$ cat protein10.txt   # compact mmCIF, C-alpha atoms and all ligand atoms
# COMPACT_ATOMS: atom_id res chain seq x y z
CA MET A 1 31.56 -29.34 8.64
CA ARG A 2 28.19 -27.73 9.03
CA THR A 3 27.62 -29.72 12.25
CA LEU A 4 30.96 -28.54 13.65
CA ARG A 5 30.17 -24.96 12.76
CA THR A 6 26.74 -25.22 14.39
CA ALA A 7 28.29 -26.77 17.50
CA LEU A 8 30.91 -24.02 17.70
CA ALA A 9 28.22 -21.36 17.29
CA GLY A 10 26.29 -23.06 20.09
CA ILE A 11 29.33 -23.03 22.39
CA GLY A 12 29.93 -19.39 21.46
CA SER A 13 26.42 -18.34 22.38
CA THR A 14 26.60 -20.35 25.63
CA TYR A 15 29.75 -18.50 26.65
CA ALA A 16 28.22 -15.20 25.54
CA GLU A 17 25.19 -16.00 27.70
CA LEU A 18 27.46 -16.71 30.69
CA LEU A 19 29.43 -13.50 30.24
CA TRP A 20 26.54 -11.25 29.20
CA PRO A 21 23.29 -12.88 30.29
CA THR A 22 20.18 -11.87 28.37
CA ARG A 23 18.15 -9.29 30.25
CA CYS A 24 14.94 -7.47 29.39
CA ILE A 25 15.71 -4.22 27.57
CA GLY A 26 12.83 -2.53 29.41
CA CYS A 27 13.17 -3.66 33.04
CA ASP A 28 16.40 -5.69 33.29
CA LEU A 29 14.59 -8.91 34.25
CA PRO A 30 16.76 -11.93 33.29
CA ASP A 31 16.28 -14.52 30.50
CA GLN A 32 14.27 -12.58 27.90
CA LEU A 33 15.23 -9.73 25.58
CA LEU A 34 11.77 -8.22 26.09
CA CYS A 35 9.75 -9.67 28.98
CA ASP A 36 6.01 -10.35 28.77
CA GLU A 37 5.16 -7.40 31.04
CA CYS A 38 7.20 -4.89 28.99
CA ARG A 39 5.88 -6.38 25.73
CA ALA A 40 2.28 -6.00 26.94
CA THR A 41 2.74 -2.35 27.96
CA LEU A 42 4.47 -1.00 24.83
CA PRO A 43 3.03 2.46 23.92
CA TRP A 44 1.69 1.50 20.48
CA ILE A 45 0.25 4.30 18.35
CA ALA A 46 -3.30 3.45 17.20
CA GLN A 47 -3.12 3.94 13.42
CA ARG A 48 -6.86 4.61 13.22
CA TRP A 49 -6.35 7.91 15.08
CA ALA A 50 -2.80 8.78 13.98
CA CYS A 51 -1.97 11.77 11.77
CA PRO A 52 -1.62 10.39 8.21
CA VAL A 53 0.84 13.18 7.33
CA CYS A 54 3.37 12.95 10.19
CA GLY A 55 2.36 9.79 12.08
CA ALA A 56 1.73 11.54 15.42
CA PRO A 57 -0.72 9.80 17.75
CA PHE A 58 -4.30 11.15 17.83
CA GLY A 59 -3.62 13.58 14.94
CA TRP A 60 -6.24 12.25 12.55
CA LEU A 61 -8.45 15.35 12.38
CA THR A 62 -6.08 18.05 13.61
CA CYS A 63 -2.41 17.62 14.37
CA THR A 64 -0.40 19.94 16.58
CA GLU A 65 2.84 18.20 15.53
CA CYS A 66 2.74 19.06 11.81
CA GLY A 67 0.22 21.89 12.05
CA ARG A 68 -2.25 20.12 9.82
CA SER A 69 -5.99 20.58 10.14
CA ARG A 70 -8.52 18.55 8.30
CA GLN A 71 -12.16 19.49 8.63
CA ARG A 72 -14.85 17.26 7.24
CA ASP A 73 -17.22 18.92 4.80
CA GLN A 74 -20.40 19.29 6.84
CA ALA A 75 -22.68 18.69 3.83
CA THR A 76 -20.96 15.74 2.19
CA GLY A 77 -18.91 14.27 5.06
CA ALA A 78 -15.90 14.17 2.71
CA VAL A 79 -12.42 14.82 4.07
CA PRO A 80 -10.54 17.38 1.93
CA PRO A 81 -6.90 16.86 0.93
CA GLN A 82 -4.41 17.66 3.64
CA ASP A 83 -3.50 21.33 4.02
CA GLY A 84 -0.45 20.99 6.25
CA PRO A 85 3.06 22.31 5.60
CA ARG A 86 3.97 20.09 2.64
CA GLU A 87 7.56 21.30 2.46
CA ARG A 88 8.37 19.71 5.82
CA TRP A 89 6.38 16.53 5.19
CA PRO A 90 6.85 15.71 1.48
CA MET A 91 6.15 11.99 2.02
CA ARG A 92 2.66 10.82 1.04
CA SER A 93 2.14 9.30 4.48
CA VAL A 94 4.07 8.53 7.68
CA VAL A 95 3.44 5.49 9.87
CA CYS A 96 5.04 5.34 13.34
CA SER A 97 4.74 2.34 15.63
CA MET A 98 5.22 3.74 19.12
CA SER A 99 5.68 6.82 21.23
CA TYR A 100 9.36 7.40 21.98
CA ARG A 101 9.57 6.89 25.72
CA GLY A 102 10.27 4.09 28.21
CA THR A 103 10.83 0.70 26.60
CA PRO A 104 10.84 1.87 22.93
CA ALA A 105 13.54 4.43 23.79
CA ALA A 106 15.54 1.67 25.53
CA ILE A 107 15.12 -0.57 22.46
CA VAL A 108 16.55 2.09 20.10
CA THR A 109 19.46 2.88 22.45
CA GLY A 110 20.08 -0.84 23.01
CA LEU A 111 20.49 -1.44 19.27
CA LYS A 112 22.38 1.76 18.40
CA ASP A 113 24.69 2.22 21.34
CA ALA A 114 24.79 -1.12 23.21
CA HIS A 115 25.01 -3.10 19.94
CA GLU A 116 22.26 -5.54 20.95
CA LEU A 117 21.69 -6.64 17.36
CA ARG A 118 18.82 -8.98 18.28
CA LEU A 119 16.69 -5.83 18.67
CA ALA A 120 16.75 -5.15 14.90
CA PRO A 121 14.21 -7.89 14.02
CA LEU A 122 12.08 -6.79 16.95
CA MET A 123 11.97 -3.19 15.68
CA ALA A 124 11.25 -4.41 12.15
CA ALA A 125 8.38 -6.61 13.39
CA ALA A 126 6.84 -3.64 15.23
CA ILE A 127 7.07 -1.47 12.09
CA ALA A 128 5.59 -4.26 9.91
CA THR A 129 2.69 -4.63 12.37
CA SER A 130 1.93 -0.89 12.27
CA LEU A 131 2.17 -0.76 8.46
CA ASP A 132 -0.32 -3.60 8.27
CA GLU A 133 -2.67 -1.75 10.63
CA ALA A 134 -2.23 1.53 8.72
CA SER A 135 -3.09 -0.15 5.42
CA ALA A 136 -6.75 -0.07 6.52
CA TRP A 137 -6.80 3.75 6.62
CA ASP A 138 -6.35 6.35 3.90
CA ALA A 139 -3.55 8.84 3.35
CA SER A 140 -4.24 12.38 2.14
CA ASP A 141 -4.10 11.13 -1.48
CA GLY A 142 -7.08 8.84 -0.79
CA LEU A 143 -5.01 5.65 -1.15
CA PRO A 144 -4.15 3.35 1.77
CA ARG A 145 -1.41 4.78 4.02
CA PHE A 146 0.59 1.68 3.14
CA ASP A 147 -0.04 -0.74 0.29
CA PRO A 148 2.59 -3.47 -0.24
CA SER A 149 1.29 -4.12 -3.77
CA ARG A 150 2.06 -0.49 -4.67
CA THR A 151 5.53 -0.53 -3.11
CA ASP A 152 8.54 -1.29 -5.32
CA ALA A 153 11.40 -1.23 -2.81
CA LEU A 154 12.54 -0.16 0.64
CA CYS A 155 15.11 2.56 1.44
CA PHE A 156 16.48 3.55 4.83
CA VAL A 157 17.73 6.81 6.35
CA PRO A 158 21.46 6.08 6.46
CA ALA A 159 23.84 6.93 9.29
CA THR A 160 26.23 9.81 8.78
CA ALA A 161 29.88 8.85 8.24
CA ALA A 162 30.69 10.00 11.81
CA ALA A 163 27.91 7.89 13.35
CA PHE A 164 28.96 4.90 11.26
CA ALA A 165 32.56 5.29 12.40
CA ARG A 166 31.48 5.69 16.04
CA ARG A 167 29.26 2.58 16.07
CA GLY A 168 30.98 0.42 13.46
CA PHE A 169 27.66 -0.42 11.78
CA ASP A 170 24.53 1.21 10.43
CA HIS A 171 21.72 0.08 12.69
CA MET A 172 19.05 1.21 10.23
CA GLU A 173 20.52 -1.00 7.51
CA LEU A 174 19.99 -3.97 9.85
CA VAL A 175 16.39 -2.93 10.59
CA ALA A 176 15.75 -2.30 6.87
CA ARG A 177 17.07 -5.75 5.90
CA GLU A 178 14.83 -7.39 8.50
CA LEU A 179 11.84 -5.33 7.36
CA CYS A 180 12.50 -6.30 3.72
CA GLY A 181 12.39 -9.97 4.75
CA GLN A 182 9.17 -9.51 6.69
CA LEU A 183 7.39 -7.50 3.96
CA GLY A 184 8.84 -9.35 0.97
CA LEU A 185 10.37 -6.15 -0.44
CA ALA A 186 13.74 -5.54 -2.10
CA LEU A 187 16.27 -3.33 -0.32
CA HIS A 188 17.26 -0.28 -2.37
CA ASP A 189 20.30 1.21 -0.63
CA ALA A 190 19.96 4.52 -2.44
CA LEU A 191 20.63 7.28 0.08
CA VAL A 192 23.94 8.78 1.18
CA ARG A 193 24.37 11.31 3.98
CA ARG A 194 27.30 13.65 4.07
CA GLN A 195 28.43 14.94 7.40
CA GLY A 196 26.53 17.92 8.78
CA ARG A 197 26.99 19.19 12.33
CA ASP A 198 26.29 16.56 14.99
CA GLN A 199 22.48 16.39 15.27
CA ARG A 200 22.74 15.40 18.94
CA VAL A 201 23.96 18.84 20.04
CA LEU A 202 21.40 20.83 18.04
CA GLY A 203 17.94 22.13 18.90
CA ARG A 204 14.82 21.29 16.89
CA LYS A 205 15.05 24.23 14.44
CA GLU A 206 18.80 23.84 13.97
CA ARG A 207 18.36 20.11 13.26
CA ALA A 208 15.96 20.84 10.44
CA ARG A 209 18.35 23.33 8.82
CA ASN A 210 21.39 21.11 9.38
CA VAL A 211 20.16 17.97 7.63
CA TRP A 212 18.79 19.68 4.52
CA GLY A 213 21.26 19.48 1.64
CA THR A 214 23.42 16.78 3.23
CA VAL A 215 21.44 13.95 1.63
CA SER A 216 22.04 12.64 -1.87
CA VAL A 217 20.75 9.75 -3.97
CA ALA A 218 23.39 7.31 -5.22
CA ARG A 219 21.21 4.87 -7.19
CA ASP A 220 18.49 5.14 -9.81
CA VAL A 221 15.10 5.60 -8.16
CA SER A 222 13.17 6.97 -11.12
CA GLY A 223 9.55 5.89 -11.25
CA LEU A 224 9.77 3.85 -8.03
CA ASN A 225 7.20 3.87 -5.24
CA LEU A 226 9.42 3.66 -2.18
CA LEU A 227 8.98 2.84 1.48
CA LEU A 228 11.50 4.79 3.57
CA VAL A 229 12.32 3.66 7.11
CA ASP A 230 13.97 5.44 10.05
CA ASP A 231 14.31 4.63 13.74
CA VAL A 232 12.91 7.71 15.50
CA ILE A 233 11.09 10.76 14.17
CA THR A 234 11.98 13.83 16.23
CA THR A 235 11.32 16.84 14.01
CA GLY A 236 10.80 14.97 10.76
CA ALA A 237 13.85 16.78 9.35
CA SER A 238 15.89 13.71 8.39
CA LEU A 239 12.93 11.87 6.87
CA GLY A 240 11.77 15.02 5.07
CA ALA A 241 15.21 15.69 3.59
CA CYS A 242 15.63 12.06 2.49
CA THR A 243 12.13 12.01 0.99
CA GLN A 244 12.70 15.25 -0.91
CA ALA A 245 16.03 13.95 -2.26
CA LEU A 246 14.32 10.76 -3.50
CA LEU A 247 11.46 12.73 -5.11
CA ASP A 248 13.94 15.17 -6.72
CA ALA A 249 15.79 12.14 -8.13
CA GLY A 250 12.58 10.96 -9.80
CA ALA A 251 10.93 8.60 -7.29
CA ALA A 252 7.19 8.34 -7.99
CA SER A 253 6.22 8.41 -4.31
CA VAL A 254 7.67 7.99 -0.84
CA THR A 255 5.78 6.48 2.10
CA ALA A 256 7.69 6.76 5.36
CA CYS A 257 7.69 4.64 8.48
CA ALA A 258 9.53 4.68 11.78
CA PHE A 259 9.75 2.63 14.93
CA ALA A 260 9.09 5.52 17.29
CA ARG A 261 7.79 9.10 17.33
CA VAL A 262 8.79 11.92 19.68
CA THR A 263 5.68 13.89 20.56
CA GLY A 264 4.92 17.09 22.44
ZN ZN A 301 10.74 -6.17 31.06
ZN ZN A 302 0.67 15.50 11.89
$ encode --input "protein10.txt" --output "structure tokens"
Amino acid sequence: MRTLRTALAGIGSTYAELLWPTRCIGCDLPDQLLCDECRATLPWIAQRWACPVCGAPFGWLTCTECGRSRQRDQATGAVPPQDGPRERWPMRSVVCSMSYRGTPAAIVTGLKDAHELRLAPLMAAAIATSLDEASAWDASDGLPRFDPSRTDALCFVPATAAAFARRGFDHMELVARELCGQLGLALHDALVRRQGRDQRVLGRKERARNVWGTVSVARDVSGLNLLLVDDVITTGASLGACTQALLDAGAASVTACAFARVTG
């Protein structure tokens, strides 16, 4: 029975390949989902120089994205605690894998809107790689930006009901499940998003106002150190609102991560 099922799955994928041949998500070259050239030129964010508060590239000392400045004490060389706008960035640290342009943007669109589900493990692998890199550098609390031994479970920023209905699936649940497998963490599907106005038609400031108050926590998170994952950070509004909801519900800490980061 298993052999028959495997054979049928094989025939299915052969027909699928004939009807919709695999092409590179970045450049449309045939045969590979992400060709060697596009893979080699992905705009990775170097975690060494990234802002530990909002994950922006090159924001380690001062960050124009979250308005944080961090001057070393001239006498001792010590770095003081972060002094950025905590209310917008309540997570203890944010780790983003790539700048949101070119191939990474095509990867997110390919998963969300073209339903290329094979991109979910690819996004999760990129996030896991960046978390591993970020674990070598400290967050503003002096602890590593990511520490798997201090992480109890993984949550994801859920789709709104309208987005779920439009797409028929929650792409971030897929990425979160893959990431759980790669990091050896349990999935804690704790967040629920009620419908606000469609984020796609709003400007940056309106987005931030819109998402606040539409997030609620449906499962017990008290005392948990959570890793929260999203696809793209634009203003930080969705991640910030989800983080605040988790902290208000009693989570001990929230470390956030995302596949891509809009900058500038
Ligand atoms: Zn390519
Ligand atoms: Zn920043």
$ closest_atom_pairs --input "protein10.txt" --of "chain A" --to "ligand ZN 302 (chain A)" --cutoff "6 Å" --atoms "only C-alpha atoms and all ligand atoms" --output "Markdown table"
| residue | atom | partner | partner_atom | distance |
| --- | --- | --- | --- | --- |
| A:Cys51 | CA | A:ZN302 | ZN | 4.6 |
| A:Val53 | CA | A:ZN302 | ZN | 5.1 |
| A:Cys54 | CA | A:ZN302 | ZN | 4.1 |
| A:Gly55 | CA | A:ZN302 | ZN | 6.0 |
| A:Ala56 | CA | A:ZN302 | ZN | 5.4 |
| A:Gly59 | CA | A:ZN302 | ZN | 5.6 |
| A:Cys63 | CA | A:ZN302 | ZN | 4.5 |
| A:Glu65 | CA | A:ZN302 | ZN | 5.0 |
| A:Cys66 | CA | A:ZN302 | ZN | 4.1 |
| A:Arg68 | CA | A:ZN302 | ZN | 5.8 |
$ closest_atom_pairs --input "protein10.txt" --of "chain A" --to "ligand ZN 301 (chain A)" --cutoff "12 Å" --atoms "only C-alpha atoms and all ligand atoms" --output "tab-separated table"
residue	atom	partner	partner_atom	distance
A:Thr22	CA	A:ZN301	ZN	11.4
A:Arg23	CA	A:ZN301	ZN	8.1
A:Cys24	CA	A:ZN301	ZN	4.7
A:Ile25	CA	A:ZN301	ZN	6.4
A:Gly26	CA	A:ZN301	ZN	4.5
A:Cys27	CA	A:ZN301	ZN	4.0
A:Asp28	CA	A:ZN301	ZN	6.1
A:Leu29	CA	A:ZN301	ZN	5.7
A:Pro30	CA	A:ZN301	ZN	8.6
A:Asp31	CA	A:ZN301	ZN	10.0
A:Gln32	CA	A:ZN301	ZN	8.0
A:Leu33	CA	A:ZN301	ZN	7.9
A:Leu34	CA	A:ZN301	ZN	5.5
A:Cys35	CA	A:ZN301	ZN	4.2
A:Asp36	CA	A:ZN301	ZN	6.7
A:Glu37	CA	A:ZN301	ZN	5.7
A:Cys38	CA	A:ZN301	ZN	4.3
A:Arg39	CA	A:ZN301	ZN	7.2
A:Ala40	CA	A:ZN301	ZN	9.4
A:Thr41	CA	A:ZN301	ZN	9.4
A:Leu42	CA	A:ZN301	ZN	10.2
A:Gly102	CA	A:ZN301	ZN	10.7
A:Thr103	CA	A:ZN301	ZN	8.2
A:Pro104	CA	A:ZN301	ZN	11.4
A:Ala106	CA	A:ZN301	ZN	10.7
A:Ile107	CA	A:ZN301	ZN	11.2
$ residues_around --input "protein10.txt" --residues "A:Pro158" --least-positions-apart "6" --cutoff "8 Å" --atoms "all atoms listed in the file" --output "PDB file with C-alpha atoms, keeping the file's coordinate frame"
ATOM      1  CA  ASP A 170      24.530   1.210  10.430  1.00  0.00           C
ATOM      2  CA  MET A 172      19.050   1.210  10.230  1.00  0.00           C
ATOM      3  CA  GLU A 173      20.520  -1.000   7.510  1.00  0.00           C
ATOM      4  CA  LEU A 191      20.630   7.280   0.080  1.00  0.00           C
ATOM      5  CA  VAL A 192      23.940   8.780   1.180  1.00  0.00           C
ATOM      6  CA  ARG A 193      24.370  11.310   3.980  1.00  0.00           C
TER       7      ARG A 193
END
$ atom_distance --input "protein10.txt" --atom1 "atom CA of A:Glu178" --atom2 "atom CA of A:Pro90"
25.4 Å
$ atom_distance --input "protein10.txt" --atom1 "atom CA of A:Ala126" --atom2 "atom CA of A:Val108"
12.3 Å
$ closest_residue --input "protein10.txt" --among "A:Ile233, A:Cys155, A:Val95, A:Leu174" --to "A:Glu116" --atoms "all atoms listed in the file"
A:Leu174
$ closest_residue --input "protein10.txt" --among "A:Gln47, A:Gln182, A:Ser140, A:Ser99" --to "A:Leu122" --atoms "all atoms listed in the file"
A:Gln182
$ residues_around --input "protein10.txt" --residues "A:Val221" --least-positions-apart "5" --cutoff "8 Å" --atoms "all atoms listed in the file" --output "ChimeraX atom specification"
/A:190,246,249-251
$ residues_around --input "protein10.txt" --residues "A:Phe146" --least-positions-apart "3" --cutoff "7 Å" --atoms "all atoms listed in the file" --output "list in words"
Leu131, Ala134 and Ser135 of chain A
$ write_last_selection --input "protein10.txt" --atoms "C-alpha atoms" --output "tab-separated table (two decimals), in the coordinates of the input"
chain	number	residue	atom	x	y	z
A	131	LEU	CA	2.17	-0.76	8.46
A	134	ALA	CA	-2.23	1.53	8.72
A	135	SER	CA	-3.09	-0.15	5.42
$ atom_distance --input "protein10.txt" --atom1 "atom CA of A:Leu187" --atom2 "atom CA of A:Val157"
12.2 Å
